[in-house]
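**Q** mmCIF, C-alpha atoms; chains and numbers go by the auth columns, file run35.cif:
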data_target
#
loop_
_atom_site.group_PDB
_atom_site.id
_atom_site.type_symbol
_atom_site.label_atom_id
_atom_site.label_comp_id
_atom_site.label_asym_id
_atom_site.label_seq_id
_atom_site.Cartn_x
_atom_site.Cartn_y
_atom_site.Cartn_z
_atom_site.B_iso_or_equiv
_atom_site.auth_seq_id
_atom_site.auth_asym_id
ATOM 1 C CA MET A 1 0.000 0.000 0.000 0.00 577 S
ATOM 2 C CA ILE A 2 2.870 2.380 0.756 0.00 578 S
ATOM 3 C CA ILE A 3 4.184 1.896 -2.792 0.00 579 S
ATOM 4 C CA VAL A 4 0.744 2.637 -4.266 0.00 580 S
ATOM 5 C CA LEU A 5 0.292 5.742 -2.142 0.00 581 S
ATOM 6 C CA SER A 6 3.772 6.969 -3.027 0.00 582 S
ATOM 7 C CA MET A 7 3.084 6.529 -6.749 0.00 583 S
ATOM 8 C CA VAL A 8 -0.242 8.367 -6.460 0.00 584 S
ATOM 9 C CA ALA A 9 1.419 11.279 -4.669 0.00 585 S
ATOM 10 C CA LEU A 10 4.330 11.425 -7.131 0.00 586 S
ATOM 11 C CA ILE A 11 2.063 11.386 -10.186 0.00 587 S
ATOM 12 C CA TRP A 12 -0.110 14.107 -8.655 0.00 588 S
ATOM 13 C CA ALA A 13 2.960 16.239 -7.859 0.00 589 S
ATOM 14 C CA ALA A 14 4.334 15.758 -11.374 0.00 590 S
ATOM 15 C CA LEU A 15 1.019 16.715 -12.967 0.00 591 S
ATOM 16 C CA THR A 16 0.846 19.800 -10.760 0.00 592 S
ATOM 17 C CA LEU A 17 4.311 20.928 -11.859 0.00 593 S
ATOM 18 C CA VAL A 18 3.442 20.334 -15.524 0.00 594 S
ATOM 19 C CA ALA A 19 0.206 22.297 -15.085 0.00 595 S
ATOM 20 C CA LEU A 20 2.136 25.230 -13.621 0.00 596 S
ATOM 21 C CA THR A 21 4.472 25.304 -16.614 0.00 597 S
ATOM 22 C CA HIS A 22 1.484 25.258 -19.007 0.00 598 S
ATOM 23 C CA GLY A 23 -0.301 28.251 -17.556 0.00 599 S
ATOM 24 C CA LEU A 24 -2.753 26.321 -15.392 0.00 600 S
ATOM 25 C CA ALA A 25 -1.743 27.979 -12.138 0.00 601 S
ATOM 26 C CA LEU A 26 -5.325 28.484 -10.945 0.00 602 S
ATOM 27 C CA LEU A 27 -6.261 24.849 -11.448 0.00 603 S
ATOM 28 C CA ALA A 28 -3.029 23.690 -9.818 0.00 604 S
ATOM 29 C CA ALA A 29 -3.726 25.959 -6.852 0.00 605 S
ATOM 30 C CA LEU A 30 -7.300 24.679 -6.501 0.00 606 S
ATOM 31 C CA THR A 31 -6.274 21.020 -6.560 0.00 607 S
ATOM 32 C CA THR A 32 -3.427 21.698 -4.137 0.00 608 S
ATOM 33 C CA LEU A 33 -5.723 23.557 -1.754 0.00 609 S
ATOM 34 C CA GLN A 34 -8.280 20.766 -1.628 0.00 610 S
ATOM 35 C CA ALA A 35 -5.540 18.154 -1.124 0.00 611 S
ATOM 36 C CA ALA A 36 -4.049 20.216 1.698 0.00 612 S
ATOM 37 C CA ALA A 37 -7.497 20.593 3.288 0.00 613 S
ATOM 38 C CA MET A 38 -8.030 16.818 3.291 0.00 614 S
ATOM 39 C CA ALA A 39 -4.539 16.242 4.698 0.00 615 S
ATOM 40 C CA THR A 40 -5.224 18.769 7.453 0.00 616 S
ATOM 41 C CA GLY A 41 -8.464 17.004 8.318 0.00 617 S
ATOM 42 C CA ALA A 42 -6.631 13.673 8.520 0.00 618 S
ATOM 43 C CA TRP A 43 -4.000 15.263 10.778 0.00 619 S
ATOM 44 C CA LEU A 44 -6.708 16.610 13.087 0.00 620 S
ATOM 45 C CA ALA A 45 -8.126 13.091 13.384 0.00 621 S
ATOM 46 C CA LEU A 46 -4.836 12.016 14.965 0.00 622 S
ATOM 47 C CA GLY A 47 -5.190 14.534 17.788 0.00 623 S
ATOM 48 C CA PRO A 48 -7.897 13.533 20.283 0.00 624 S
ATOM 49 C CA ARG A 49 -7.182 10.424 22.331 0.00 625 S
ATOM 50 C CA ARG A 50 -9.722 10.469 25.161 0.00 626 S
ATOM 51 C CA PRO A 51 -13.119 8.980 24.192 0.00 627 S
ATOM 52 C CA ALA A 52 -15.030 12.041 25.396 0.00 628 S
ATOM 53 C CA ARG A 53 -12.853 14.400 23.359 0.00 629 S
ATOM 54 C CA ILE A 54 -13.079 12.141 20.289 0.00 630 S
ATOM 55 C CA LEU A 55 -16.863 12.276 20.540 0.00 631 S
ATOM 56 C CA GLN A 56 -16.786 16.078 20.670 0.00 632 S
ATOM 57 C CA PHE A 57 -14.557 16.296 17.602 0.00 633 S
ATOM 58 C CA ASP A 58 -16.612 13.737 15.666 0.00 634 S
ATOM 59 C CA ALA A 59 -19.903 15.485 16.386 0.00 635 S
ATOM 60 C CA ALA A 60 -18.508 18.923 15.509 0.00 636 S
ATOM 61 C CA VAL A 61 -17.093 17.612 12.234 0.00 637 S
ATOM 62 C CA ALA A 62 -20.437 15.983 11.460 0.00 638 S
ATOM 63 C CA GLY A 63 -22.035 19.406 11.808 0.00 639 S
ATOM 64 C CA VAL A 64 -19.460 20.895 9.458 0.00 640 S
ATOM 65 C CA LEU A 65 -20.140 18.118 6.928 0.00 641 S
ATOM 66 C CA VAL A 66 -23.861 18.803 6.981 0.00 642 S
ATOM 67 C CA ALA A 67 -23.486 22.573 6.723 0.00 643 S
ATOM 68 C CA SER A 68 -20.922 22.421 3.924 0.00 644 S
ATOM 69 C CA ALA A 69 -23.085 19.975 1.971 0.00 645 S
ATOM 70 C CA VAL A 70 -26.125 22.245 2.287 0.00 646 S
ATOM 71 C CA LEU A 71 -24.274 25.500 1.611 0.00 647 S
ATOM 72 C CA TYR A 72 -21.740 24.472 -1.013 0.00 648 S
ATOM 73 C CA VAL A 73 -21.808 20.935 -2.398 0.00 649 S
ATOM 74 C CA VAL A 74 -25.463 20.416 -3.314 0.00 650 S
ATOM 75 C CA PRO A 75 -26.069 24.016 -4.503 0.00 651 S
ATOM 76 C CA GLY A 76 -22.951 23.722 -6.670 0.00 652 S
ATOM 77 C CA ALA A 77 -24.402 20.645 -8.378 0.00 653 S
ATOM 78 C CA LEU A 78 -27.868 22.124 -8.818 0.00 654 S
ATOM 79 C CA GLY A 79 -26.413 25.380 -10.093 0.00 655 S
ATOM 80 C CA GLU A 80 -24.928 23.641 -13.134 0.00 656 S
ATOM 81 C CA ASP A 81 -28.311 22.324 -14.238 0.00 657 S
ATOM 82 C CA MET A 82 -31.244 21.845 -11.872 0.00 658 S
ATOM 83 C CA SER A 83 -32.733 18.697 -13.412 0.00 659 S
ATOM 84 C CA SER A 84 -29.527 16.820 -14.239 0.00 660 S
ATOM 85 C CA GLY A 85 -27.912 17.997 -10.994 0.00 661 S
ATOM 86 C CA ALA A 86 -30.825 16.668 -8.942 0.00 662 S
ATOM 87 C CA LEU A 87 -30.775 13.373 -10.833 0.00 663 S
ATOM 88 C CA GLY A 88 -27.020 13.041 -10.401 0.00 664 S
ATOM 89 C CA THR A 89 -27.292 13.803 -6.680 0.00 665 S
ATOM 90 C CA MET A 90 -29.848 11.033 -6.210 0.00 666 S
ATOM 91 C CA VAL A 91 -27.703 8.607 -8.213 0.00 667 S
ATOM 92 C CA GLY A 92 -24.567 9.509 -6.261 0.00 668 S
ATOM 93 C CA LEU A 93 -26.406 9.227 -2.949 0.00 669 S
ATOM 94 C CA ALA A 94 -27.737 5.796 -3.908 0.00 670 S
ATOM 95 C CA ILE A 95 -24.272 4.603 -4.954 0.00 671 S
ATOM 96 C CA GLY A 96 -22.653 5.962 -1.808 0.00 672 S
ATOM 97 C CA LEU A 97 -25.244 4.506 0.545 0.00 673 S
ATOM 98 C CA SER A 98 -25.080 1.127 -1.203 0.00 674 S
ATOM 99 C CA MET A 99 -21.339 1.092 -0.513 0.00 675 S
ATOM 100 C CA HIS A 100 -21.964 1.698 3.177 0.00 676 S
ATOM 101 C CA ILE A 101 -24.793 -0.776 3.698 0.00 677 S
ATOM 102 C CA GLY A 102 -23.283 -3.608 1.677 0.00 678 S
ATOM 103 C CA ARG A 103 -22.983 -6.851 3.639 0.00 679 S
ATOM 104 C CA GLY A 104 -19.710 -6.966 5.534 0.00 680 S
ATOM 105 C CA ALA A 105 -18.372 -3.752 3.969 0.00 681 S
ATOM 106 C CA PRO A 106 -15.878 -2.080 6.353 0.00 682 S
ATOM 107 C CA VAL A 107 -16.695 1.550 7.057 0.00 683 S
ATOM 108 C CA HIS A 108 -13.269 2.772 5.971 0.00 684 S
ATOM 109 C CA ARG A 109 -13.481 0.952 2.625 0.00 685 S
ATOM 110 C CA ALA A 110 -16.944 2.292 1.835 0.00 686 S
ATOM 111 C CA MET A 111 -15.951 5.829 2.818 0.00 687 S
ATOM 112 C CA LEU A 112 -12.710 5.622 0.833 0.00 688 S
ATOM 113 C CA GLY A 113 -14.574 4.420 -2.249 0.00 689 S
ATOM 114 C CA ALA A 114 -17.274 7.089 -1.991 0.00 690 S
ATOM 115 C CA LEU A 115 -14.809 9.938 -1.439 0.00 691 S
ATOM 116 C CA SER A 116 -12.535 8.740 -4.240 0.00 692 S
ATOM 117 C CA LEU A 117 -15.451 8.583 -6.693 0.00 693 S
ATOM 118 C CA HIS A 118 -16.589 11.995 -5.453 0.00 694 S
ATOM 119 C CA ALA A 119 -13.124 13.416 -6.094 0.00 695 S
ATOM 120 C CA VAL A 120 -12.796 11.884 -9.565 0.00 696 S
ATOM 121 C CA SER A 121 -16.231 13.011 -10.762 0.00 697 S
ATOM 122 C CA ALA A 122 -15.762 16.520 -9.365 0.00 698 S
ATOM 123 C CA GLY A 123 -12.242 16.631 -10.822 0.00 699 S
ATOM 124 C CA LEU A 124 -13.448 15.778 -14.318 0.00 700 S
ATOM 125 C CA VAL A 125 -15.919 18.658 -14.204 0.00 701 S
ATOM 126 C CA LEU A 126 -13.291 20.981 -12.757 0.00 702 S
ATOM 127 C CA GLY A 127 -10.866 20.121 -15.557 0.00 703 S
ATOM 128 C CA VAL A 128 -13.478 21.045 -18.149 0.00 704 S
ATOM 129 C CA VAL A 129 -14.803 24.273 -16.643 0.00 705 S
ATOM 130 C CA TYR A 130 -11.665 25.717 -15.012 0.00 706 S
ATOM 131 C CA VAL A 131 -11.280 28.371 -17.719 0.00 707 S
ATOM 132 C CA SER A 132 -14.505 30.036 -16.631 0.00 708 S
ATOM 133 C CA MET A 133 -13.605 30.063 -12.942 0.00 709 S
ATOM 134 C CA PRO A 134 -12.723 33.302 -11.163 0.00 710 S
ATOM 135 C CA ALA A 135 -9.560 33.853 -9.187 0.00 711 S
ATOM 136 C CA ILE A 136 -9.354 32.084 -5.842 0.00 712 S
ATOM 137 C CA GLY A 137 -11.219 34.347 -3.420 0.00 713 S
ATOM 138 C CA LEU A 138 -12.097 33.856 0.225 0.00 714 S
ATOM 139 C CA SER A 139 -15.525 32.420 -0.554 0.00 715 S
ATOM 140 C CA LEU A 140 -14.151 29.825 -2.992 0.00 716 S
ATOM 141 C CA ALA A 141 -11.349 28.883 -0.587 0.00 717 S
ATOM 142 C CA LEU A 142 -13.881 28.499 2.235 0.00 718 S
ATOM 143 C CA ALA A 143 -16.111 26.321 0.059 0.00 719 S
ATOM 144 C CA ILE A 144 -13.204 23.983 -0.692 0.00 720 S
ATOM 145 C CA VAL A 145 -11.859 23.801 2.860 0.00 721 S
ATOM 146 C CA ALA A 146 -15.321 23.558 4.440 0.00 722 S
ATOM 147 C CA HIS A 147 -16.082 20.225 2.778 0.00 723 S
ATOM 148 C CA LYS A 148 -12.633 18.758 2.117 0.00 724 S
ATOM 149 C CA LEU A 149 -11.274 19.224 5.648 0.00 725 S
ATOM 150 C CA PRO A 150 -14.137 17.410 7.419 0.00 726 S
ATOM 151 C CA ALA A 151 -14.111 14.750 4.692 0.00 727 S
ATOM 152 C CA GLY A 152 -10.430 14.104 5.400 0.00 728 S
ATOM 153 C CA TYR A 153 -11.167 13.912 9.124 0.00 729 S
ATOM 154 C CA ALA A 154 -14.099 11.530 8.663 0.00 730 S
ATOM 155 C CA LEU A 155 -12.098 9.184 6.434 0.00 731 S
ATOM 156 C CA ALA A 156 -9.088 9.243 8.759 0.00 732 S
ATOM 157 C CA ARG A 157 -11.301 8.471 11.762 0.00 733 S
ATOM 158 C CA SER A 158 -12.848 5.495 9.983 0.00 734 S
ATOM 159 C CA LEU A 159 -9.389 4.266 8.993 0.00 735 S
ATOM 160 C CA ARG A 160 -8.153 4.558 12.581 0.00 736 S
ATOM 161 C CA ASN A 161 -11.222 2.773 13.924 0.00 737 S
ATOM 162 C CA ASP A 162 -10.602 -0.128 11.535 0.00 738 S
ATOM 163 C CA GLY A 163 -6.880 -0.270 12.330 0.00 739 S
ATOM 164 C CA ARG A 164 -5.749 1.147 8.985 0.00 740 S
ATOM 165 C CA SER A 165 -3.170 3.806 8.164 0.00 741 S
ATOM 166 C CA VAL A 166 -4.540 7.327 7.718 0.00 742 S
ATOM 167 C CA ALA A 167 -2.044 7.781 4.873 0.00 743 S
ATOM 168 C CA THR A 168 -4.715 6.239 2.620 0.00 744 S
ATOM 169 C CA VAL A 169 -6.420 9.662 2.709 0.00 745 S
ATOM 170 C CA ALA A 170 -3.873 10.560 0.003 0.00 746 S
ATOM 171 C CA ILE A 171 -5.933 8.662 -2.591 0.00 747 S
ATOM 172 C CA PRO A 172 -9.048 10.892 -2.584 0.00 748 S
ATOM 173 C CA ALA A 173 -6.908 13.922 -1.712 0.00 749 S
ATOM 174 C CA CYS A 174 -4.929 13.520 -4.944 0.00 750 S
ATOM 175 C CA ALA A 175 -7.827 12.210 -7.039 0.00 751 S
ATOM 176 C CA VAL A 176 -9.213 15.652 -7.918 0.00 752 S
ATOM 177 C CA GLY A 177 -5.888 16.676 -9.405 0.00 753 S
ATOM 178 C CA LEU A 178 -5.349 13.311 -11.070 0.00 754 S
ATOM 179 C CA ALA A 179 -8.715 13.686 -12.829 0.00 755 S
ATOM 180 C CA SER A 180 -8.792 17.416 -13.583 0.00 756 S
ATOM 181 C CA LEU A 181 -5.203 18.212 -14.571 0.00 757 S
ATOM 182 C CA PRO A 182 -4.895 15.723 -17.496 0.00 758 S
ATOM 183 C CA VAL A 183 -8.256 16.903 -18.878 0.00 759 S
ATOM 184 C CA ALA A 184 -7.163 20.540 -18.743 0.00 760 S
ATOM 185 C CA LEU A 185 -3.708 19.765 -20.155 0.00 761 S
ATOM 186 C CA ALA A 186 -5.212 17.805 -23.054 0.00 762 S
ATOM 187 C CA GLY A 187 -7.166 20.873 -24.087 0.00 763 S
ATOM 188 C CA ALA A 188 -9.862 18.807 -25.794 0.00 764 S
ATOM 189 C CA ALA A 189 -12.528 18.573 -23.144 0.00 765 S
ATOM 190 C CA PRO A 190 -14.597 15.392 -23.167 0.00 766 S
ATOM 191 C CA THR A 191 -18.310 15.747 -23.726 0.00 767 S
ATOM 192 C CA ILE A 192 -19.847 15.268 -20.296 0.00 768 S
ATOM 193 C CA ALA A 193 -23.032 16.402 -18.622 0.00 769 S
ATOM 194 C CA HIS A 194 -21.578 18.804 -16.070 0.00 770 S
ATOM 195 C CA GLY A 195 -24.687 18.947 -13.944 0.00 771 S
ATOM 196 C CA LEU A 196 -25.113 15.176 -13.872 0.00 772 S
ATOM 197 C CA LEU A 197 -21.482 14.476 -12.989 0.00 773 S
ATOM 198 C CA PHE A 198 -21.362 17.243 -10.407 0.00 774 S
ATOM 199 C CA GLY A 199 -24.602 15.854 -9.007 0.00 775 S
ATOM 200 C CA VAL A 200 -23.084 12.392 -8.652 0.00 776 S
ATOM 201 C CA ALA A 201 -20.152 13.952 -6.769 0.00 777 S
ATOM 202 C CA SER A 202 -22.622 15.800 -4.559 0.00 778 S
ATOM 203 C CA GLY A 203 -24.614 12.657 -3.769 0.00 779 S
ATOM 204 C CA LEU A 204 -21.480 10.691 -2.932 0.00 780 S
ATOM 205 C CA PHE A 205 -20.404 13.420 -0.517 0.00 781 S
ATOM 206 C CA LEU A 206 -23.841 13.388 1.093 0.00 782 S
ATOM 207 C CA ALA A 207 -23.575 9.612 1.538 0.00 783 S
ATOM 208 C CA VAL A 208 -20.273 10.033 3.372 0.00 784 S
ATOM 209 C CA GLY A 209 -21.814 12.669 5.633 0.00 785 S
ATOM 210 C CA VAL A 210 -24.854 10.505 6.383 0.00 786 S
ATOM 211 C CA SER A 211 -22.656 7.506 7.142 0.00 787 S
ATOM 212 C CA PHE A 212 -20.434 9.506 9.486 0.00 788 S
ATOM 213 C CA ILE A 213 -23.438 10.914 11.343 0.00 789 S
ATOM 214 C CA VAL A 214 -25.092 7.500 11.652 0.00 790 S
ATOM 215 C CA HIS A 215 -21.966 6.083 13.277 0.00 791 S
ATOM 216 C CA LEU A 216 -21.963 8.741 16.002 0.00 792 S
ATOM 217 C CA PRO A 217 -23.119 7.511 19.436 0.00 793 S
ATOM 218 C CA TRP A 218 -26.794 8.392 19.781 0.00 794 S
ATOM 219 C CA HIS A 219 -27.642 6.789 23.128 0.00 795 S
ATOM 220 C CA ARG A 220 -29.431 8.935 25.681 0.00 796 S
ATOM 221 C CA ALA A 221 -26.405 9.636 27.884 0.00 797 S
ATOM 222 C CA VAL A 222 -24.562 11.575 25.176 0.00 798 S
ATOM 223 C CA LEU A 223 -27.421 12.680 22.919 0.00 799 S
ATOM 224 C CA ALA A 224 -27.504 16.279 24.146 0.00 800 S
ATOM 225 C CA GLY A 225 -23.747 16.667 23.823 0.00 801 S
ATOM 226 C CA THR A 226 -23.690 15.171 20.336 0.00 802 S
ATOM 227 C CA LEU A 227 -26.425 17.478 19.091 0.00 803 S
ATOM 228 C CA THR A 228 -24.769 20.507 20.719 0.00 804 S
ATOM 229 C CA GLN A 229 -21.398 19.812 19.119 0.00 805 S
ATOM 230 C CA MET A 230 -23.028 19.218 15.737 0.00 806 S
ATOM 231 C CA ALA A 231 -24.829 22.534 16.032 0.00 807 S
ATOM 232 C CA LEU A 232 -21.576 24.289 16.935 0.00 808 S
ATOM 233 C CA GLY A 233 -19.770 22.783 13.941 0.00 809 S
ATOM 234 C CA ALA A 234 -22.561 23.742 11.570 0.00 810 S
ATOM 235 C CA GLY A 235 -22.774 27.186 13.145 0.00 811 S
ATOM 236 C CA VAL A 236 -19.116 27.926 12.459 0.00 812 S
ATOM 237 C CA VAL A 237 -19.531 27.211 8.735 0.00 813 S
ATOM 238 C CA ILE A 238 -22.790 29.170 8.530 0.00 814 S
ATOM 239 C CA ALA A 239 -21.287 32.147 10.358 0.00 815 S
ATOM 240 C CA LEU A 240 -18.168 32.198 8.173 0.00 816 S
ATOM 241 C CA ASN A 241 -20.273 31.952 5.041 0.00 817 S
ATOM 242 C CA ALA A 242 -22.559 34.782 6.163 0.00 818 S
ATOM 243 C CA GLY A 243 -19.599 36.916 7.186 0.00 819 S
ATOM 244 C CA LEU A 244 -17.868 36.510 3.842 0.00 820 S
ATOM 245 C CA ARG A 245 -21.065 37.276 1.954 0.00 821 S
ATOM 246 C CA GLY A 246 -21.286 40.525 3.885 0.00 822 S
ATOM 247 C CA VAL A 247 -17.697 41.440 3.041 0.00 823 S
ATOM 248 C CA ILE A 248 -17.504 40.360 -0.617 0.00 824 S
#
Could you render the structure from this file as structure tokens?

**A**
Amino acid sequence: MIIVLSMVALIWAALTLVALTHGLALLAALTTLQAAAMATGAWLALGPRRPARILQFDAAVAGVLVASAVLYVVPGALGEDMSSGALGTMVGLAIGLSMHIGRGAPVHRAMLGALSLHAVSAGLVLGVVYVSMPAIGLSLALAIVAHKLPAGYALARSLRNDGRSVATVAIPACAVGLASLPVALAGAAPTIAHGLLFGVASGLFLAVGVSFIVHLPWHRAVLAGTLTQMALGAGVVIALNAGLRGVI
């Protein structure tokens, strides 16, 4: 696995350097930012050790996942094309949930598969439409970090719980760049339904969020604390989003 992860990281780094030399600095910056956000989330998952503190972190991140999905991921898919985006979201959600409820499927494997497919589908769209994107502003940076950081945390937590190395987070972290950079470098964009593909990415992300929330402890003794921490996590994203909208 270490060899595979090393090859993925090296190919991603090489593609990023090539993109920079071919005038694709914005796309390279976007893919690097989302990879860094996922890596940061995975690093945060290594922090808490006490069960009570782990629960607080998990619940807060669950709130961030929900808020970022509602504020950024789903609206982004529907904004491309309402009908195809909605259809793609339902398809992606069905695929993601089927991964998680499959008989004997480990949580980390299902989450890794869903996030990797999410990254690839979103990356393909990004590679096609990057030319129409604005410069990286605070709102765009927040949108990327707000859903990639908690996704990295959620995947790393599931990997730790199943006794796996959190280094596997590198696969979905690099997947956006591995999908988008070759498309942009080729110049001849494939004919794809942007809304549908973005919708699939949106649904897969939603499935990851639902799975992470379901696996939180919901027994009566900790219910109030779980809900409070989720509300705090969601509140941070909502407040930042509202604050930036007032500034920009």

**Q** Please expand the PyMOL selection byres ((chain S and resi 788) around 10) into the concrete residues it hits in this file, giving the result as a ChimeraX atom specification.

**A** /S:634-635,637-638,641,683,687,727,730-731,733-734,782-787,789-792

**Q** Let me know the residues the PyMOL selection byres ((chain S and resi 721) around 9) catches in the file above, as a compact mmCIF listing (two decimals) with C-alpha atoms, in the frame of the given file.

**A**
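Contents of result.txt, as written:
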# COMPACT_ATOMS: atom_id res chain seq x y z
CA LEU S 609 -5.72 23.56 -1.75
CA GLN S 610 -8.28 20.77 -1.63
CA ALA S 612 -4.05 20.22 1.70
CA ALA S 613 -7.50 20.59 3.29
CA MET S 614 -8.03 16.82 3.29
CA LEU S 716 -14.15 29.82 -2.99
CA ALA S 717 -11.35 28.88 -0.59
CA LEU S 718 -13.88 28.50 2.24
CA ALA S 719 -16.11 26.32 0.06
CA ILE S 720 -13.20 23.98 -0.69
CA ALA S 722 -15.32 23.56 4.44
CA HIS S 723 -16.08 20.23 2.78
CA LYS S 724 -12.63 18.76 2.12
CA LEU S 725 -11.27 19.22 5.65
CA PRO S 726 -14.14 17.41 7.42

**Q** Could you give me the centre and size, in Å to one decimal, of an axis-aligned box around all listed atoms of segment 628-642 of chain S with 3 Å added on every side, as JSON?

**A**
{"center_x": -18.4, "center_y": 16.5, "center_z": 16.2, "size_x": 17.0, "size_y": 14.9, "size_z": 24.5}

**Q** Please evaluate the PyMOL selection byres ((chain S and resi 628-632) around 10) against the displayed coordinates and give the resulting residues as number ranges by chain.

**A** S: 621-627, 633-638, 733, 792-793, 798, 801-806, 809

**Q** Let me make sure I understand: among S:Tyr729, S:Tyr706, S:Trp794, S:Phe774, which one has the smallest atom-to-atom distance to His684 of chain S if we use all atoms listed in the file?

**A**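 Counting all atoms listed in the file, the residue closest to His684 of chain S is S:Tyr729.
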
**Q** Between atom CA of Ala698 of chain S and atom CA of Ala605 of chain S, what is the distance, to one decimal in Å?

**A**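 Computing the Euclidean distance for atom CA of Ala698 of chain S and atom CA of Ala605 of chain S yields 15.5 Å.
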
**Q** Suppose you want the space between atom CA of Pro758 of chain S and atom CA of Ala618 of chain S; what is it in Å?

**A** 26.2 Å

**Q** Between S:Ala755, S:Ala743, S:Leu647, S:Leu591, which one has atoms that come closest to Gly617 of chain S, using all atoms listed in the file?

**A**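 The answer is S:Ala743, which sits nearest to Gly617 of chain S.
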
**Q** Using only C-alpha atoms, which of S:Leu603, S:Ala777, S:Val704, S:Leu688 sits nearest Leu735 of chain S?

**A**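 Answer, going by the shortest atom-to-atom distance: S:Leu688.
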
**Q** Select, from S:Ala690, S:Leu602, S:Val701, S:Thr608, the residue with the minimum atom-to-atom distance to Gly753 of chain S, counting all atoms listed in the file.

**A**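 Of all the options, S:Thr608 lies closest to Gly753 of chain S.
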
**Q** Which residue out of S:Pro682, S:Thr665, S:Thr597, S:Gly689 has the minimum interatomic distance to Ala645 of chain S when all atoms listed in the file are used?

**A**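 Closest residue, counting all atoms listed in the file: S:Thr665.
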
**Q** Write segment 661-677 of chain S as a compact mmCIF listing (two decimals), in the coordinates of the input, completed to N, CA and C atoms.

**A**
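Output file result-v8.txt is given in full below:
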# COMPACT_ATOMS: atom_id res chain seq x y z
N GLY S 661 -28.60 17.96 -12.28
CA GLY S 661 -27.91 18.00 -10.99
C GLY S 661 -28.67 17.23 -9.93
N ALA S 662 -30.01 17.39 -9.91
CA ALA S 662 -30.82 16.67 -8.94
C ALA S 662 -30.78 15.17 -9.20
N LEU S 663 -30.85 14.79 -10.48
CA LEU S 663 -30.78 13.37 -10.83
C LEU S 663 -29.42 12.79 -10.43
N GLY S 664 -28.35 13.52 -10.76
CA GLY S 664 -27.02 13.04 -10.40
C GLY S 664 -26.84 12.91 -8.90
N THR S 665 -27.39 13.85 -8.14
CA THR S 665 -27.29 13.80 -6.68
C THR S 665 -27.97 12.56 -6.14
N MET S 666 -29.14 12.24 -6.66
CA MET S 666 -29.85 11.03 -6.21
C MET S 666 -29.07 9.77 -6.58
N VAL S 667 -28.49 9.77 -7.78
CA VAL S 667 -27.70 8.61 -8.21
C VAL S 667 -26.46 8.46 -7.33
N GLY S 668 -25.75 9.56 -7.10
CA GLY S 668 -24.57 9.51 -6.26
C GLY S 668 -24.89 9.09 -4.84
N LEU S 669 -26.00 9.60 -4.31
CA LEU S 669 -26.41 9.23 -2.95
C LEU S 669 -26.72 7.74 -2.87
N ALA S 670 -27.41 7.22 -3.89
CA ALA S 670 -27.74 5.80 -3.91
C ALA S 670 -26.48 4.94 -3.98
N ILE S 671 -25.52 5.36 -4.83
CA ILE S 671 -24.27 4.60 -4.95
C ILE S 671 -23.51 4.63 -3.63
N GLY S 672 -23.40 5.83 -3.05
CA GLY S 672 -22.65 5.96 -1.81
C GLY S 672 -23.27 5.17 -0.66
N LEU S 673 -24.58 5.24 -0.54
CA LEU S 673 -25.24 4.51 0.55
C LEU S 673 -25.15 3.00 0.33
N SER S 674 -25.20 2.56 -0.93
CA SER S 674 -25.08 1.13 -1.20
C SER S 674 -23.70 0.62 -0.80
N MET S 675 -22.68 1.47 -0.95
CA MET S 675 -21.34 1.09 -0.51
C MET S 675 -21.29 0.89 0.99
N HIS S 676 -22.03 1.74 1.72
CA HIS S 676 -21.96 1.70 3.18
C HIS S 676 -22.83 0.61 3.79
N ILE S 677 -23.90 0.21 3.10
CA ILE S 677 -24.79 -0.78 3.70
C ILE S 677 -24.57 -2.17 3.12
